[in-house]
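Since the structure comes first, as C-alpha cells, the remarks are kept for the end.
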Amino acid sequence: MSERTPRRVRAGQAPGRAGDSPAARGTARAGATMAALALVALLAGFVWWTVTTDPSAEWVSPLGALAAWVLFLPAALMARRMPARHAAAVVLLGSVLLGTAAISAPPATSNDSARYAWDGIVQKAGMSPYRYVPADEALRQLRPEWLFQDAGPDGTCHTNPFSSGTETTTNIPGGGTLCTGINRPSVPTVYPAVAELYFLAVRLLPGAEVGFIAFQLVGLLLSLAVTVLLLTFLRRTGRPAHQAVWWAWSPLVAFEAINGAHVDTLGAALALAAALLLVGQRTLGSGIAFGAAVATKLIPAISAPALLYRQPVRFVAAAAATFALAYVPYVLASGWTVLGYLPTYLKSEGYDGQDSPRFTLLKLVLPASWAMPAALVLLLSLAVYVWRTTNAARPWDGQVFMVGGTLLLVSPSYPWYALLLLPFVVLSRRYEFTAIAPVLAMMYFTGAEPYGQLVARLGLGVAAALIVVAAVMRRRPSPGSGRTSTPV
C-alpha cells in the first residue's frame, strides 16, 4: 500500500496552516478593515474631544495629541491588511471622518488662521496686507467682532473672548487697549505673496462675520486633495493604497492642516505636485509649482536639492519667475514693505542660536553660539549629498532626508512645519521620519516649561536614533539575496 503524496505547499505558506482558504482570508481582511475603521473612529473621537474641550484646560491638548498618535500607529499598521480593492475608499472615508471631527470647533492650539482671515479681509477691501498692522486705527471699520473687541474700562480683556487665544495691544494712536484674536497685532504680516493670494481667495465669498470655519473647510479640501494625489500616484505605480494613511489619517493633518488650518498645507501640496511633475518630465510645470510653494511659506525651499537633477536651469528659472511674479502686485502697492515682519521674526524666534529651543541636538555637544553655524554647515553638506545622489525616479527619497534632517537640526517647536514632510514619507516609505511630528508637537505644548528642554532633547534624540537604526537596517543584506539594500 503506497503512501499518499503530500500536498504542495505554496511559497511562504506554513505546512498545515489553518485558515488558508480564500473565504477565510477574505474574512480576515474584512475584519482588518473594520478594525482599522474602528481605530480611526476612536482617533476621530480623541480629535473631537481635544478641539472642543475648554482651551483654558492646558493639559487637554498635549494629552489629546499623544492619545491620537498612540491610536494612529496601530490604525496605520492594521490598514496594511485591508483588501486592495477597498483600500482607497477606506483611506478616504477615514480622512473625511477625521476632518469632520477636526472642524467641529475653532482652532484649539494656534491662532495663525486669525491673521490669515484678517489679511484676506484687508485685501478684499482693496488694501495691501503689508501696509498696515492689524492694530492700526485706519482699519477700524474693517474689524469683525469675532476678531476684535475693545477692552473694558480698566484696559483689560476680562472675558477672553477668542477661543484660539486673546492678545492685547496698547500701541494704538490716541491711546486705549485693543483685544484681538490675532497674534502679534502690532507688527506687519510675515506671510509671502502666494499665501496672501490664498488668504484673499478664501475670504472672497464669505462675509466678514464668517469665522475660522472658512479656512478650516479649505484646509480639509486641501488635505483631501493631497490624499487623492497620493492615492493616484500609488495606483499608477502599482503600490498599495493603504500607504496613503500616513498622510490621510495622521493626527498632524487633523490638528494642524484642518483644525489649525495652517497655510503650510498649501505649501506641502504644491511641493508634492512639483516632485510628481518633475518625475513625469514636466520640468516647467514642476518649477512653477515649486516657486509657488516657496512663495507660500518659504520652508519648501529646503526640499529643492533633490529636484535639481533634470534641466536645473529651466527648473530654477521657472521657480524664480513664479516667486517674483507673485510679488509684483504687492510691490507695486506697498514697495519694499512686502518684507513685512520676516527679518525681525527670525531673530525673535531664536534662529540666532542663542537662548531658544532651536538647534536643540547641536547644543548638547556645542556651545550655543556655535549651534547655528554648525547647523548651516551640516545642512549644506546634506544638501550637496542629496543633490549628488538623487535617484531621478525617486526624488522624494532625498527630500524626506533633507526636510527631516532640517527639522531635527533646527528643531522648530511648531508641529505644522512637519506637514511638508509627510507626503514625502508616503512616497519614500521612510515611515520612521513620522516620529518627528509628535516630538515637535510636544515641544510646542511644553514650550518654556521647566521640563520643556528635557522633552525636546529626549524626543528629538529618540527620533534621530530611530531614523539611524532604520537606515542601518535597510543597508543589511536581504535574506537570500547576497546583496544590500540600495542606500539613499
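We label chains A, B, ... in the order they appear in the C-alpha cells, count residues from 1 in each chain, and number ligands from 1 in the order shown.
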
Region 248-408 of chain A: which residues are alpha helix (DSSP H) by DSSP, as a PyMOL selection string?
chain A and resi 248+251-252+264-279+283-297+312-334+342-348+360-363+368-389+395-408

Pull the closest atom pair for each residue of region 157-262 of chain A that gets at most 7 Å from region 421-428 of chain A, along with the distance in Å to one decimal, counting only C-alpha atoms, ordering rows by chain and then ascending residue number, as a tab-separated table.
residue	atom	partner	partner_atom	distance
A:Gln243	CA	A:Val426	CA	6.2
A:Ala244	CA	A:Val426	CA	6.1
A:Trp246	CA	A:Val426	CA	6.2
A:Trp247	CA	A:Leu422	CA	5.9

Store the residues picked out above in a file with N, CA and C atoms, as a compact mmCIF listing (two decimals), in the first residue's frame.
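Saved file result-v4.txt follows:
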# COMPACT_ATOMS: atom_id res chain seq x y z
N GLN A 243 -0.83 52.77 1.91
CA GLN A 243 0.33 53.57 2.31
C GLN A 243 -0.03 55.04 2.48
N ALA A 244 -1.10 55.49 1.84
CA ALA A 244 -1.51 56.90 1.93
C ALA A 244 -2.03 57.27 3.32
N TRP A 246 -0.52 57.33 5.99
CA TRP A 246 0.48 58.06 6.76
C TRP A 246 0.33 59.56 6.59
N TRP A 247 -0.40 59.98 5.58
CA TRP A 247 -0.86 61.36 5.48
C TRP A 247 -2.33 61.47 5.87

So what do you get for CA of Gln141 (chain A) versus CA of Glu196 (chain A), distance-wise?
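Separating CA of Gln141 (chain A) from CA of Glu196 (chain A) is a distance of 20.7 Å.
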
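The gap separating CA of Lys347 (chain A) from CA of Arg143 (chain A) is 29.5 Å, in Å to one decimal.
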
Env of region 106-116 of chain A: 7 Å cut, atoms = only C-alpha atoms, seq-sep filter 4 positions within chain, self excluded. Answer as a short mmCIF file (atom, residue, chain, number, x, y, z; two decimals) with N, CA, C and O atoms, in the first residue's frame.
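Contents of the output file part19.cif:
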data_model
loop_
_atom_site.label_atom_id
_atom_site.label_comp_id
_atom_site.auth_asym_id
_atom_site.auth_seq_id
_atom_site.Cartn_x
_atom_site.Cartn_y
_atom_site.Cartn_z
N VAL A 51 -10.30 69.25 20.51
CA VAL A 51 -10.58 70.57 19.95
C VAL A 51 -11.81 71.23 20.56
O VAL A 51 -11.97 72.45 20.47
N PRO A 55 -10.41 75.49 26.14
CA PRO A 55 -8.98 75.71 25.89
C PRO A 55 -8.20 76.16 27.12
O PRO A 55 -6.98 76.12 27.12
N GLY A 120 -6.88 88.48 4.57
CA GLY A 120 -7.84 88.33 3.49
C GLY A 120 -8.91 89.41 3.49
O GLY A 120 -9.28 89.94 2.42
N SER A 163 -11.52 82.09 21.37
CA SER A 163 -11.18 80.73 21.80
C SER A 163 -9.77 80.31 21.41
O SER A 163 -9.15 79.49 22.08
N SER A 164 -9.24 80.86 20.31
CA SER A 164 -7.91 80.47 19.87
C SER A 164 -6.80 81.26 20.55
O SER A 164 -5.63 81.10 20.24
N GLY A 165 -7.19 82.12 21.50
CA GLY A 165 -6.21 82.93 22.22
C GLY A 165 -6.49 84.40 22.05
O GLY A 165 -6.85 84.86 20.96
N GLY A 181 -7.96 88.42 18.48
CA GLY A 181 -7.56 87.02 18.35
C GLY A 181 -6.37 86.83 17.44
O GLY A 181 -5.95 85.70 17.18
N ILE A 182 -5.78 87.94 16.95
CA ILE A 182 -4.65 87.87 16.02
C ILE A 182 -3.34 87.94 16.80
O ILE A 182 -3.18 88.80 17.68
N ASN A 183 -2.42 87.07 16.49
CA ASN A 183 -1.13 87.14 17.18
C ASN A 183 -0.28 88.27 16.59
O ASN A 183 -0.37 88.61 15.42
N PHE A 199 -5.06 83.70 1.07
CA PHE A 199 -5.92 84.30 2.10
C PHE A 199 -7.05 85.10 1.46
O PHE A 199 -8.20 85.06 1.90
N PHE A 212 -13.52 81.24 11.66
CA PHE A 212 -12.42 80.34 11.30
C PHE A 212 -12.85 79.22 10.35
O PHE A 212 -12.00 78.64 9.67
N ASN A 259 -7.92 71.52 11.63
CA ASN A 259 -8.39 72.34 12.76
C ASN A 259 -7.63 73.66 12.84
O ASN A 259 -8.22 74.73 12.96
N GLY A 260 -6.30 73.60 12.77
CA GLY A 260 -5.50 74.81 12.80
C GLY A 260 -5.46 75.55 11.49
O GLY A 260 -5.08 76.72 11.45
N ALA A 261 -5.86 74.89 10.39
CA ALA A 261 -5.97 75.49 9.05
C ALA A 261 -4.67 76.16 8.60
O ALA A 261 -4.69 77.19 7.94
N HIS A 262 -3.53 75.57 8.93
CA HIS A 262 -2.26 76.21 8.61
C HIS A 262 -2.00 76.23 7.11
O HIS A 262 -2.24 75.25 6.39
#

Quick one: pull the distance between CA of Thr406 (chain A) and CA of Thr434 (chain A), Å, one decimal.
13.8 Å

Tell me, as a list of chain:residue names, which residues lie within 10 Å of Gly45 (chain A), counting only C-alpha atoms; anything in the same chain fewer than 4 positions away does not count.
A:Leu39, A:Val40, A:Ala41, A:Trp49, A:Thr50, A:Gly64, A:Ala68, A:Leu97, A:Leu98, A:Ala101, A:Ala102

Could you write out that same residue set with all heavy atoms as a tab-separated table (two decimals), in the first residue's frame?
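Result file follows (selection.tsv):
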chain	number	residue	atom	x	y	z
A	39	LEU	N	-10.51	51.93	14.79
A	39	LEU	CA	-9.42	52.71	15.36
A	39	LEU	C	-9.46	54.16	14.88
A	39	LEU	O	-9.21	55.09	15.65
A	39	LEU	CB	-8.08	52.07	15.01
A	39	LEU	CG	-7.73	50.78	15.75
A	39	LEU	CD1	-6.53	50.10	15.12
A	39	LEU	CD2	-7.46	51.07	17.22
A	40	VAL	N	-9.79	54.35	13.60
A	40	VAL	CA	-9.89	55.71	13.08
A	40	VAL	C	-11.05	56.44	13.74
A	40	VAL	O	-10.94	57.64	14.04
A	40	VAL	CB	-10.05	55.68	11.55
A	40	VAL	CG1	-10.35	57.07	11.01
A	40	VAL	CG2	-8.79	55.15	10.90
A	41	ALA	N	-12.16	55.75	13.96
A	41	ALA	CA	-13.30	56.38	14.64
A	41	ALA	C	-12.91	56.80	16.06
A	41	ALA	O	-13.28	57.89	16.52
A	41	ALA	CB	-14.48	55.42	14.66
A	49	TRP	N	-12.62	65.50	21.00
A	49	TRP	CA	-12.52	65.85	22.43
A	49	TRP	C	-11.46	66.92	22.65
A	49	TRP	O	-11.65	67.86	23.42
A	49	TRP	CB	-12.19	64.59	23.23
A	49	TRP	CG	-11.89	64.86	24.68
A	49	TRP	CD1	-12.77	65.17	25.67
A	49	TRP	CD2	-10.59	64.85	25.29
A	49	TRP	NE1	-12.11	65.34	26.86
A	49	TRP	CE2	-10.78	65.15	26.66
A	49	TRP	CE3	-9.30	64.60	24.82
A	49	TRP	CZ2	-9.71	65.22	27.55
A	49	TRP	CZ3	-8.25	64.66	25.72
A	49	TRP	CH2	-8.45	64.97	27.06
A	50	THR	N	-10.35	66.80	21.94
A	50	THR	CA	-9.25	67.75	22.12
A	50	THR	C	-9.63	69.15	21.66
A	50	THR	O	-9.33	70.14	22.33
A	50	THR	CB	-8.00	67.28	21.35
A	50	THR	OG1	-7.65	65.96	21.80
A	50	THR	CG2	-6.83	68.21	21.58
A	64	GLY	N	-4.48	64.94	24.45
A	64	GLY	CA	-5.23	64.51	23.27
A	64	GLY	C	-4.32	64.19	22.10
A	64	GLY	O	-4.55	63.21	21.37
A	68	ALA	N	-3.93	60.55	20.36
A	68	ALA	CA	-4.19	60.40	18.93
A	68	ALA	C	-3.04	59.69	18.23
A	68	ALA	O	-3.25	58.81	17.38
A	68	ALA	CB	-4.45	61.77	18.31
A	97	LEU	N	-13.71	61.35	7.97
A	97	LEU	CA	-14.16	61.21	9.36
A	97	LEU	C	-13.29	62.04	10.29
A	97	LEU	O	-13.81	62.78	11.15
A	97	LEU	CB	-14.12	59.73	9.76
A	97	LEU	CG	-14.64	59.38	11.17
A	97	LEU	CD1	-16.11	59.72	11.28
A	97	LEU	CD2	-14.42	57.89	11.45
A	98	LEU	N	-12.00	61.97	10.13
A	98	LEU	CA	-11.09	62.76	10.96
A	98	LEU	C	-11.25	64.25	10.68
A	98	LEU	O	-11.23	65.07	11.61
A	98	LEU	CB	-9.64	62.34	10.69
A	98	LEU	CG	-9.20	61.02	11.31
A	98	LEU	CD1	-7.88	60.57	10.73
A	98	LEU	CD2	-9.09	61.15	12.83
A	101	ALA	N	-14.30	65.67	12.43
A	101	ALA	CA	-14.05	65.90	13.85
A	101	ALA	C	-13.20	67.14	14.06
A	101	ALA	O	-13.40	67.91	15.00
A	101	ALA	CB	-13.37	64.67	14.46
A	102	ALA	N	-12.23	67.36	13.17
A	102	ALA	CA	-11.29	68.46	13.34
A	102	ALA	C	-11.93	69.83	13.15
A	102	ALA	O	-11.49	70.81	13.76
A	102	ALA	CB	-10.12	68.30	12.37

Residues near Ala75 (chain A), anyone? I mean within 9 Å using only C-alpha atoms, not counting same-chain ones fewer than 6 positions away, as a ChimeraX atom specification.
/A:35-40,43,245,249

Excluding same-chain residues fewer than 4 positions from region 321-327 of chain A, what lies within 7 Å of it counting only C-alpha atoms, as a list in words?
Ala193, Val194, Ile288, Gly291, Ala292, Ala295, Ala317 and Val331 of chain A

Just C-alpha atoms for this one: save the residues we selected as an mmCIF file, in the first residue's frame.
data_model
loop_
_atom_site.group_PDB
_atom_site.id
_atom_site.type_symbol
_atom_site.label_atom_id
_atom_site.label_comp_id
_atom_site.auth_asym_id
_atom_site.auth_seq_id
_atom_site.Cartn_x
_atom_site.Cartn_y
_atom_site.Cartn_z
ATOM 1 C CA ALA A 193 2.817 86.610 -1.627
ATOM 2 C CA VAL A 194 1.173 83.322 -2.674
ATOM 3 C CA ILE A 288 6.152 76.788 -11.376
ATOM 4 C CA GLY A 291 8.110 78.533 -6.924
ATOM 5 C CA ALA A 292 4.512 78.854 -5.746
ATOM 6 C CA ALA A 295 6.121 81.824 -2.111
ATOM 7 C CA ALA A 317 14.240 79.903 -13.735
ATOM 8 C CA VAL A 331 5.447 95.521 -4.505
#

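Here the question is which of A:Trp69, A:Tyr330, A:Tyr451, A:Tyr444 gets nearest to Ser250 (chain A) using only C-alpha atoms, and that residue is A:Trp69.
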
From the options A:Gly350, A:Pro188, A:Pro144, A:Pro129, which residue's atoms come nearest to Val210 (chain A), counting only C-alpha atoms?
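Looking at the shortest contact to Val210 (chain A), the residue is A:Pro144.
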